[in-house]
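What follows is run-v9.txt (compact mmCIF, C-alpha atoms and all ligand atoms).
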```
# COMPACT_ATOMS: atom_id res chain seq x y z
CA MET Q 1 101.03 -100.36 92.60
CA SER Q 2 99.64 -97.06 93.84
CA ARG Q 3 98.21 -96.60 97.29
CA PRO Q 4 94.69 -98.02 97.31
CA ALA Q 5 92.95 -95.28 99.33
CA ARG Q 6 90.33 -93.88 96.94
CA ALA Q 7 87.50 -91.38 96.94
CA ARG Q 8 84.98 -92.14 94.20
CA ILE Q 9 82.81 -89.12 93.51
CA ASN Q 10 79.42 -89.92 92.05
CA LEU Q 11 78.38 -86.82 90.11
CA GLN Q 12 74.99 -88.30 89.28
CA ALA Q 13 74.26 -88.50 93.01
CA LEU Q 14 75.30 -84.84 93.29
CA GLN Q 15 72.85 -83.88 90.57
CA HIS Q 16 70.13 -85.95 92.16
CA ASN Q 17 70.67 -84.17 95.49
CA PHE Q 18 70.63 -80.82 93.71
CA SER Q 19 67.27 -81.73 92.19
CA LEU Q 20 65.95 -82.36 95.71
CA VAL Q 21 66.95 -78.80 96.60
CA GLN Q 22 65.01 -77.58 93.55
CA GLN Q 23 61.97 -79.59 94.60
CA ALA Q 24 62.12 -78.38 98.19
CA ALA Q 25 62.54 -74.72 97.25
CA PRO Q 26 61.03 -74.36 93.77
CA ASP Q 27 60.65 -70.58 94.03
CA SER Q 28 64.14 -69.87 95.31
CA ARG Q 29 67.40 -69.41 93.49
CA ILE Q 30 70.18 -71.73 94.58
CA MET Q 31 73.58 -70.65 95.82
CA ALA Q 32 75.48 -73.93 95.90
CA ILE Q 33 77.91 -73.87 98.80
CA ILE Q 34 81.21 -75.26 97.58
CA LYS Q 35 83.58 -73.83 100.19
CA ALA Q 36 86.41 -75.95 101.60
CA ASN Q 37 87.13 -77.54 98.23
CA ALA Q 38 83.44 -78.39 97.86
CA TYR Q 39 83.37 -80.08 101.28
CA GLY Q 40 86.43 -82.07 100.25
CA HIS Q 41 84.96 -83.33 96.95
CA GLY Q 42 86.99 -81.18 94.53
CA LEU Q 43 85.99 -77.59 93.80
CA ILE Q 44 86.10 -77.48 90.02
CA SER Q 45 84.61 -80.91 89.32
CA ILE Q 46 81.72 -80.23 91.65
CA ALA Q 47 81.12 -76.76 90.20
CA GLN Q 48 81.08 -78.21 86.69
CA SER Q 49 78.35 -80.63 87.71
CA LEU Q 50 76.02 -77.96 89.07
CA PRO Q 51 74.98 -76.10 85.91
CA ALA Q 52 71.66 -74.95 87.39
CA ALA Q 53 73.14 -73.33 90.48
CA ALA Q 54 72.55 -69.58 90.14
CA ALA Q 55 75.55 -68.78 92.33
CA PHE Q 56 78.43 -70.39 94.15
CA GLY Q 57 79.28 -69.67 97.78
CA VAL Q 58 82.95 -69.99 98.78
CA SER Q 59 84.97 -69.00 101.81
CA CYS Q 60 87.99 -67.30 100.33
CA LEU Q 61 89.47 -65.50 97.37
CA ASP Q 62 91.61 -68.49 96.34
CA GLU Q 63 88.50 -70.59 95.76
CA ALA Q 64 86.70 -67.79 93.94
CA ILE Q 65 89.66 -67.07 91.68
CA ALA Q 66 90.11 -70.78 90.90
CA LEU Q 67 86.48 -70.84 89.72
CA ARG Q 68 86.85 -67.71 87.58
CA GLU Q 69 90.09 -69.00 86.04
CA ALA Q 70 88.34 -72.30 85.25
CA GLY Q 71 85.87 -70.25 83.22
CA PHE Q 72 82.86 -69.93 85.50
CA ASP Q 73 80.97 -66.76 84.74
CA ARG Q 74 78.37 -67.13 87.44
CA ARG Q 75 77.79 -65.09 90.57
CA ILE Q 76 80.39 -66.08 93.17
CA VAL Q 77 79.89 -65.01 96.78
CA LEU Q 78 82.69 -64.68 99.33
CA LEU Q 79 80.79 -65.90 102.40
CA GLU Q 80 83.09 -64.20 104.89
CA GLY Q 81 83.72 -61.20 102.68
CA LEU Q 82 86.93 -59.22 102.73
CA PHE Q 83 89.73 -60.35 105.05
CA GLY Q 84 91.48 -57.02 104.62
CA PRO Q 85 91.41 -53.84 102.54
CA ASP Q 86 93.88 -55.30 100.06
CA ASP Q 87 91.29 -57.85 98.90
CA ILE Q 88 89.25 -55.14 97.20
CA SER Q 89 91.23 -55.01 93.97
CA LEU Q 90 90.94 -58.77 93.43
CA VAL Q 91 87.26 -58.76 94.38
CA CYS Q 92 86.62 -56.10 91.77
CA GLY Q 93 88.98 -57.61 89.21
CA TYR Q 94 87.33 -61.02 89.43
CA ARG Q 95 83.78 -59.61 89.73
CA LEU Q 96 83.02 -61.27 93.06
CA ASP Q 97 80.15 -60.61 95.46
CA VAL Q 98 81.11 -59.95 99.05
CA VAL Q 99 79.30 -60.60 102.27
CA VAL Q 100 79.61 -57.61 104.59
CA HIS Q 101 79.24 -58.76 108.17
CA HIS Q 102 81.28 -56.30 110.22
CA GLU Q 103 81.99 -52.61 110.70
CA SER Q 104 85.62 -53.10 109.63
CA GLN Q 105 84.53 -54.43 106.24
CA LEU Q 106 82.18 -51.52 105.78
CA GLN Q 107 85.05 -49.10 106.38
CA TRP Q 108 87.38 -50.93 103.99
CA LEU Q 109 84.72 -50.64 101.30
CA ALA Q 110 84.00 -46.99 102.06
CA GLN Q 111 87.68 -46.04 102.00
CA GLY Q 112 88.90 -48.43 99.29
CA GLN Q 113 89.53 -47.86 95.61
CA LEU Q 114 86.71 -49.74 93.95
CA LEU Q 115 87.59 -50.22 90.31
CA ARG Q 116 84.11 -51.26 89.35
CA SER Q 117 80.67 -51.79 90.77
CA LEU Q 118 80.10 -54.55 93.24
CA ASP Q 119 77.19 -56.48 94.75
CA VAL Q 120 77.01 -56.92 98.49
CA TRP Q 121 75.27 -59.42 100.77
CA LEU Q 122 74.63 -57.72 104.08
CA LYS Q 123 74.75 -60.21 106.88
CA ILE Q 124 72.39 -59.81 109.81
CA ASP Q 125 72.96 -61.53 113.12
CA SER Q 126 69.55 -62.96 113.88
CA GLY Q 127 70.73 -64.86 116.95
CA MET Q 128 73.74 -67.03 116.13
CA HIS Q 129 76.13 -64.37 117.43
CA ARG Q 130 78.93 -65.32 115.09
CA LEU Q 131 78.87 -63.00 112.08
CA GLY Q 132 76.57 -60.14 111.19
CA PHE Q 133 75.19 -56.78 112.16
CA ASP Q 134 72.73 -56.20 114.93
CA PRO Q 135 69.17 -56.23 113.53
CA GLY Q 136 68.52 -52.82 115.08
CA SER Q 137 71.33 -51.22 113.08
CA ILE Q 138 70.26 -52.31 109.61
CA GLY Q 139 68.66 -49.05 108.51
CA ASP Q 140 71.85 -47.17 109.31
CA ILE Q 141 74.14 -49.76 107.70
CA VAL Q 142 72.06 -49.83 104.52
CA SER Q 143 72.23 -46.08 104.14
CA ARG Q 144 75.99 -46.14 104.65
CA LEU Q 145 76.32 -48.83 101.98
CA GLN Q 146 74.20 -46.77 99.63
CA GLN Q 147 76.62 -43.87 100.02
CA ILE Q 148 79.40 -45.95 98.43
CA PRO Q 149 78.86 -45.21 94.74
CA GLN Q 150 80.27 -48.52 93.46
CA VAL Q 151 78.00 -50.61 95.67
CA GLN Q 152 75.27 -51.66 93.29
CA THR Q 153 72.79 -54.25 94.56
CA VAL Q 154 72.49 -55.08 98.24
CA ARG Q 155 71.05 -58.44 99.25
CA TYR Q 156 70.35 -59.60 102.78
CA MET Q 157 71.26 -62.79 104.55
CA THR Q 158 71.42 -64.51 107.90
CA HIS Q 159 72.50 -67.92 109.15
CA PHE Q 160 70.91 -70.43 111.52
CA PRO Q 161 72.70 -72.20 114.38
CA CYS Q 162 69.95 -74.73 115.20
CA ALA Q 163 67.91 -75.35 112.05
CA ASP Q 164 68.84 -79.06 112.18
CA ASP Q 165 66.66 -79.37 115.29
CA LEU Q 166 63.06 -79.15 114.12
CA ASP Q 167 61.81 -78.80 117.69
CA ASN Q 168 63.98 -75.78 118.47
CA ALA Q 169 61.85 -72.66 118.30
CA ASP Q 170 64.93 -70.42 118.10
CA THR Q 171 64.92 -70.84 114.32
CA HIS Q 172 61.36 -69.57 114.15
CA GLN Q 173 62.39 -66.60 116.27
CA GLN Q 174 65.38 -65.92 114.02
CA ILE Q 175 63.20 -65.87 110.92
CA GLU Q 176 60.97 -63.30 112.60
CA THR Q 177 63.91 -61.21 113.77
CA PHE Q 178 65.39 -61.19 110.26
CA ASN Q 179 62.12 -60.28 108.57
CA ALA Q 180 61.38 -57.58 111.13
CA ALA Q 181 64.81 -56.02 110.67
CA LEU Q 182 64.15 -55.81 106.92
CA ALA Q 183 60.50 -54.74 107.06
CA ALA Q 184 61.29 -51.35 105.54
CA VAL Q 185 63.99 -52.54 103.14
CA GLU Q 186 63.69 -53.75 99.55
CA GLY Q 187 65.98 -56.47 98.29
CA GLU Q 188 66.52 -60.18 97.90
CA ARG Q 189 66.81 -62.29 101.02
CA SER Q 190 68.60 -65.49 101.97
CA LEU Q 191 68.29 -67.38 105.23
CA ALA Q 192 68.50 -71.09 104.67
CA ASN Q 193 71.32 -73.60 104.63
CA SER Q 194 70.42 -77.25 103.94
CA ALA Q 195 68.63 -77.74 107.25
CA GLY Q 196 66.85 -74.43 106.90
CA LEU Q 197 65.51 -75.12 103.43
CA LEU Q 198 64.37 -78.67 104.21
CA GLY Q 199 63.02 -78.07 107.69
CA TRP Q 200 61.76 -74.48 107.71
CA PRO Q 201 59.55 -73.51 104.75
CA ALA Q 202 59.37 -69.88 105.93
CA ALA Q 203 63.15 -69.65 105.52
CA ARG Q 204 63.30 -70.41 101.79
CA ALA Q 205 62.93 -66.81 100.58
CA ASP Q 206 64.71 -65.62 97.40
CA TRP Q 207 67.92 -67.62 97.72
CA VAL Q 208 68.73 -70.90 99.47
CA ARG Q 209 72.29 -71.90 100.33
CA PRO Q 210 72.57 -75.70 100.44
CA GLY Q 211 75.87 -77.31 101.33
CA ILE Q 212 75.86 -80.69 103.07
CA MET Q 213 72.71 -81.99 101.40
CA LEU Q 214 74.31 -81.59 97.97
CA TYR Q 215 76.97 -84.04 99.08
CA GLY Q 216 74.44 -86.47 100.52
CA GLY Q 217 74.88 -85.88 104.24
CA SER Q 218 71.75 -85.51 106.35
CA PRO Q 219 71.27 -81.94 107.55
CA LEU Q 220 68.50 -82.83 109.99
CA GLY Q 221 69.06 -84.37 113.39
CA GLY Q 222 67.26 -87.68 113.78
CA ARG Q 223 66.69 -88.08 110.04
CA THR Q 224 68.85 -90.32 107.89
CA ALA Q 225 70.05 -89.08 104.52
CA GLU Q 226 68.26 -92.00 102.89
CA SER Q 227 64.93 -91.08 104.48
CA LEU Q 228 65.33 -87.62 102.95
CA GLY Q 229 66.05 -89.13 99.54
CA LEU Q 230 69.68 -87.99 99.54
CA GLN Q 231 72.38 -90.09 97.89
CA PRO Q 232 76.02 -90.24 99.04
CA VAL Q 233 78.36 -88.47 96.63
CA MET Q 234 81.70 -89.61 98.05
CA THR Q 235 82.56 -93.24 98.65
CA LEU Q 236 85.84 -93.54 100.52
CA SER Q 237 87.48 -96.94 100.13
CA THR Q 238 90.76 -98.78 100.36
CA ARG Q 239 92.01 -102.37 100.34
CA LEU Q 240 93.18 -104.95 102.82
CA ILE Q 241 96.97 -105.25 102.88
CA ALA Q 242 97.09 -107.99 105.53
CA VAL Q 243 94.82 -110.60 107.09
CA ASN Q 244 96.23 -112.14 110.26
CA ALA Q 245 95.02 -115.01 112.44
CA LEU Q 246 95.30 -113.85 116.05
CA LYS Q 247 94.72 -115.60 119.34
CA GLN Q 248 92.41 -114.72 122.17
CA GLY Q 249 94.03 -111.99 124.26
CA ASP Q 250 96.36 -110.71 121.49
CA ALA Q 251 96.61 -106.91 121.57
CA VAL Q 252 96.07 -104.98 118.33
CA GLY Q 253 97.57 -101.62 117.38
CA TYR Q 254 99.18 -98.71 119.24
CA GLY Q 255 98.78 -98.73 122.97
CA GLY Q 256 97.63 -102.35 122.82
CA ASP Q 257 94.39 -101.35 124.44
CA TRP Q 258 92.15 -103.58 122.34
CA ARG Q 259 92.59 -107.32 122.70
CA CYS Q 260 91.02 -110.16 120.75
CA PRO Q 261 88.09 -111.50 122.81
CA SER Q 262 88.60 -114.88 121.09
CA ASP Q 263 90.72 -116.38 118.30
CA ARG Q 264 89.95 -114.39 115.18
CA TYR Q 265 91.07 -112.85 111.92
CA ILE Q 266 92.14 -109.23 111.91
CA GLY Q 267 92.44 -107.36 108.63
CA VAL Q 268 94.71 -104.37 108.11
CA ALA Q 269 93.49 -101.75 105.60
CA ALA Q 270 95.60 -99.04 103.99
CA ILE Q 271 93.96 -95.88 105.27
CA GLY Q 272 94.52 -93.83 108.41
CA TYR Q 273 94.46 -90.38 109.91
CA GLY Q 274 97.12 -89.34 107.36
CA ASP Q 275 94.34 -89.73 104.77
CA GLY Q 276 91.79 -87.92 106.88
CA TYR Q 277 90.14 -90.94 108.47
CA PRO Q 278 89.39 -89.73 112.03
CA ARG Q 279 91.99 -90.85 114.57
CA HIS Q 280 89.42 -90.74 117.34
CA ALA Q 281 87.10 -93.26 115.62
CA PRO Q 282 86.70 -95.89 118.33
CA THR Q 283 86.58 -99.66 118.26
CA GLY Q 284 83.22 -100.59 116.80
CA THR Q 285 83.09 -97.86 114.17
CA PRO Q 286 81.28 -99.39 111.19
CA LEU Q 287 82.91 -100.12 107.85
CA ARG Q 288 82.33 -102.62 105.08
CA VAL Q 289 84.55 -105.37 103.78
CA ASN Q 290 83.48 -106.83 100.44
CA GLY Q 291 80.06 -105.30 100.97
CA ARG Q 292 79.60 -106.91 104.39
CA ALA Q 293 79.35 -105.02 107.66
CA ALA Q 294 82.49 -105.11 109.78
CA SER Q 295 84.02 -102.90 112.43
CA LEU Q 296 87.17 -101.08 113.33
CA VAL Q 297 89.25 -102.36 116.25
CA GLY Q 298 92.10 -100.71 118.12
CA ARG Q 299 93.55 -97.31 117.41
CA VAL Q 300 93.64 -95.66 114.02
CA SER Q 301 97.24 -95.31 112.78
CA MET Q 302 98.55 -92.73 110.34
CA ASP Q 303 98.40 -95.08 107.34
CA MET Q 304 96.42 -98.08 108.55
CA ILE Q 305 93.44 -99.34 110.49
CA SER Q 306 92.66 -102.77 111.91
CA ILE Q 307 89.38 -104.53 111.24
CA ASP Q 308 87.69 -107.39 113.03
CA LEU Q 309 86.95 -110.05 110.40
CA GLY Q 310 85.50 -112.58 112.83
CA ASP Q 311 86.45 -116.19 113.27
CA GLU Q 312 86.12 -117.22 109.61
CA PRO Q 313 88.65 -116.00 107.03
CA THR Q 314 86.00 -114.32 104.88
CA ALA Q 315 88.28 -111.74 103.33
CA GLN Q 316 91.76 -111.67 101.86
CA VAL Q 317 94.52 -109.29 100.93
CA GLY Q 318 93.37 -106.98 98.15
CA ASP Q 319 89.70 -107.02 99.10
CA GLU Q 320 87.82 -103.73 99.18
CA VAL Q 321 87.06 -101.88 102.41
CA VAL Q 322 84.52 -99.04 102.35
CA LEU Q 323 84.90 -96.41 105.06
CA TRP Q 324 81.79 -94.43 104.13
CA GLY Q 325 79.57 -93.73 101.15
CA GLU Q 326 77.54 -96.24 99.16
CA GLY Q 327 76.22 -98.89 101.55
CA LEU Q 328 77.50 -97.07 104.65
CA PRO Q 329 76.04 -93.64 105.48
CA ILE Q 330 78.72 -91.16 106.48
CA ASP Q 331 76.44 -89.94 109.27
CA GLU Q 332 76.78 -93.34 110.99
CA VAL Q 333 80.56 -93.14 110.87
CA ALA Q 334 80.46 -89.53 112.07
CA ALA Q 335 78.21 -90.43 115.00
CA SER Q 336 80.55 -93.22 116.01
CA ALA Q 337 83.54 -90.87 115.83
CA THR Q 338 81.60 -88.16 117.72
CA THR Q 339 81.87 -85.70 114.86
CA ILE Q 340 79.76 -84.60 111.89
CA SER Q 341 79.81 -85.60 108.24
CA TYR Q 342 81.09 -82.14 107.30
CA GLU Q 343 84.33 -82.62 109.20
CA LEU Q 344 84.92 -86.11 107.80
CA LEU Q 345 84.39 -84.92 104.23
CA CYS Q 346 86.57 -81.82 104.57
CA SER Q 347 89.38 -83.82 106.10
CA VAL Q 348 89.94 -86.30 103.27
CA GLY Q 349 93.55 -85.76 102.38
CA SER Q 350 95.31 -85.05 99.12
CA ARG Q 351 97.06 -88.41 99.03
CA VAL Q 352 93.69 -90.12 98.57
CA GLN Q 353 93.13 -90.70 94.86
CA PHE Q 354 89.97 -89.06 93.57
CA SER Q 355 87.97 -90.31 90.62
CA TYR Q 356 84.78 -88.89 89.17
CA SER Q 357 81.93 -90.74 87.50
CA SER Q 358 78.80 -89.33 85.98
C1 LIG Q 401 78.48 -73.39 104.95
C2 LIG Q 401 77.36 -72.47 104.83
C3 LIG Q 401 76.13 -72.90 104.30
C4 LIG Q 401 75.82 -74.33 103.98
O1 LIG Q 401 75.47 -75.02 105.15
P1 LIG Q 401 75.00 -76.55 105.11
O2 LIG Q 401 74.66 -76.87 106.50
O3 LIG Q 401 76.21 -77.32 104.64
O4 LIG Q 401 73.90 -76.65 104.15
C5 LIG Q 401 75.16 -71.94 104.10
N1 LIG Q 401 75.37 -70.64 104.41
C6 LIG Q 401 76.54 -70.21 104.93
C7 LIG Q 401 76.70 -68.77 105.26
C8 LIG Q 401 77.56 -71.10 105.17
O5 LIG Q 401 78.71 -70.67 105.69
```

structure tokens encoding of this file:
Amino acid sequence: MSRPARARINLQALQHNFSLVQQAAPDSRIMAIIKANAYGHGLISIAQSLPAAAAFGVSCLDEAIALREAGFDRRIVLLEGLFGPDDISLVCGYRLDVVVHHESQLQWLAQGQLLRSLDVWLKIDSGMHRLGFDPGSIGDIVSRLQQIPQVQTVRYMTHFPCADDLDNADTHQQIETFNAALAAVEGERSLANSAGLLGWPAARADWVRPGIMLYGGSPLGGRTAESLGLQPVMTLSTRLIAVNALKQGDAVGYGGDWRCPSDRYIGVAAIGYGDGYPRHAPTGTPLRVNGRAASLVGRVSMDMISIDLGDEPTAQVGDEVVLWGEGLPIDEVAASATTISYELLCSVGSRVQFSYSS
């Protein structure tokens, strides 16, 4: 029998979430962000289920080339642009758009052999101070880009660090900074990730760039995915491989730091940090056994976790355990493990068996 750790990917939920993006930003084109193997869901399968996305955003050439080789003809944007001057031939050969966020990239483009014309997304640092040009330099940068004959269309983008916090006025300030920097410049604009497009109407502009909301994670602090109408796309599950009757005081798992508070049944499920389940998920992290709420106890092992089944033997070997997804919002698990849904999704390992349903 194969290992029971599974990721079921619900493509209908993906399409539903995409339709919520369309409803929230009806006048914007959608660049579906499918970097990091589509947030761990499988690059090609996710791309195939997003026929109305006008563009795909990815983080590296490998992902872009995989999409082209799978037959996608759409605009594909390298969100971090060139990693070195040698990338130029592949970028041109595969007809990719590049983000230009730094002086070094501008020089590589100006000095490189561009085999064909190329579209550029100029990234402006409106206050995150990670990637992008200073707003005051945009006029100069644009004219330098325009001097490169193969650079065809230039679009403009920025990124928000705090859009998930609807009370944080920095996002409002960033929108103003971005618009002011571009007051004298023609061209399409893109500001908003998932949080930006749901929470900040002024950020929708010509293109929106949703990531996490496509996969059903909540992008807004203090709002559940369900309250936003989002549906979970990935359900991570496995099965019980042992159910043991333990006595009060028995220690469970590595380090022995969790002990049974009373006589009880402890289940062992076949999933662990070797599958991408977070090792730092503490005792009490929610999961579901046969559709009923249960919780993790003791330390997460590489291949296994222990589960408190209470004082009645309600579950047996072979029963299903859901780690997150349908019936258990990933944001709850992430909060318990002091991380975010993004990291949990991206970490799901290759030995988990993926299946896709539409
Ligand atoms: C990852 C990313 C996004 C998507 O962000 P979400 O919070 O997942 O919606 C949008 N824009 C850029 C530049 C990104 O890197």

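Proximity ranking of Q:Leu122, Q:Leu67, Q:Leu109, Q:Ala334 relative to ligand LIG 401 (chain Q) places Q:Leu122 first, based on all atoms listed in the file.
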
Surroundings of ligand LIG 401 (chain Q) up to 10 Å, based on only C-alpha atoms and all ligand atoms, as an MDAnalysis selection string: chainID Q and resid 31:36 38:39 57:59 77:80 99 123 131 157:161 163:164 190:198 208:215 217:220 341:342

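Going from atom CA of Q:Glu63 to atom CA of Q:Ser89 covers 15.9 Å.
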
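When all atoms listed in the file are used to compute distances to Q:Ser237, the closest of the residues Q:Arg189, Q:Arg288, Q:His41, Q:Arg204 turns out to be Q:Arg288.
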
Can you measure atom CA of Q:Tyr265 to atom CA of Q:Arg239 for me? One decimal in Å is fine. 15.6 Å

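The residue that comes closest to Q:Glu320, out of Q:Gln353, Q:Gly274, Q:Ala5, Q:Gly136 and on the basis of all atoms listed in the file, is Q:Ala5.
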
Closest contacts (stretch 200-244 of chain Q/stretch 166-176 of chain Q, max 9 Å, all atoms listed in the file) as a tab-separated table:
```
residue	atom	partner	partner_atom	distance
Q:Trp200	CA	Q:Leu166	CA	8.0
Q:Ala202	CA	Q:Ile175	CA	7.5
Q:Ala203	CA	Q:Ile175	CA	6.6
Q:Leu220	CA	Q:Leu166	CA	7.8
Q:Gly221	CA	Q:Leu166	CA	8.0
```

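Going from atom CA of Q:Ala335 to atom CA of Q:Leu230 covers 17.8 Å.
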
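Neighbours of Q:Phe133 closer than or equal to 7 Å, with all atoms listed in the file counted and sequence neighbours fewer than 4 positions away skipped, come out as Q:His101, Q:His102, Q:Lys123, Q:Ile124, Q:Asp125, Q:Ser137.
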
Selected residues, C-alpha atoms, written as an mmCIF file, in the frame of the given file, please.
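What landed in again_38.cif:
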```
data_model
loop_
_atom_site.group_PDB
_atom_site.id
_atom_site.type_symbol
_atom_site.label_atom_id
_atom_site.label_comp_id
_atom_site.auth_asym_id
_atom_site.auth_seq_id
_atom_site.Cartn_x
_atom_site.Cartn_y
_atom_site.Cartn_z
ATOM 1 C CA HIS Q 101 79.240 -58.760 108.170
ATOM 2 C CA HIS Q 102 81.280 -56.300 110.220
ATOM 3 C CA LYS Q 123 74.750 -60.210 106.880
ATOM 4 C CA ILE Q 124 72.390 -59.810 109.810
ATOM 5 C CA ASP Q 125 72.960 -61.530 113.120
ATOM 6 C CA SER Q 137 71.330 -51.220 113.080
#
```

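Within 9 Å of stretch 44-51 of chain Q there are Leu11, Gln12, Leu14, Gln15, Phe18, Ala32, Ile34, Asn37, Ala38, Ala66, Leu67, Ala70, Phe72, Tyr356 and Ser358 of chain Q, counting only C-alpha atoms and ignoring same-chain residues fewer than 6 positions away.
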
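Each of Q:Cys260, Q:Ala225, Q:Leu323, Q:Met304 was checked against Q:Leu287 using only C-alpha atoms; the smallest atom-to-atom distance is that of Q:Leu323.
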
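Between Q:Asp134 and the candidates Q:Ser301, Q:Gln150, Q:Thr177, Q:Gln111, the tightest atom-to-atom separation, counting only C-alpha atoms, involves Q:Thr177.
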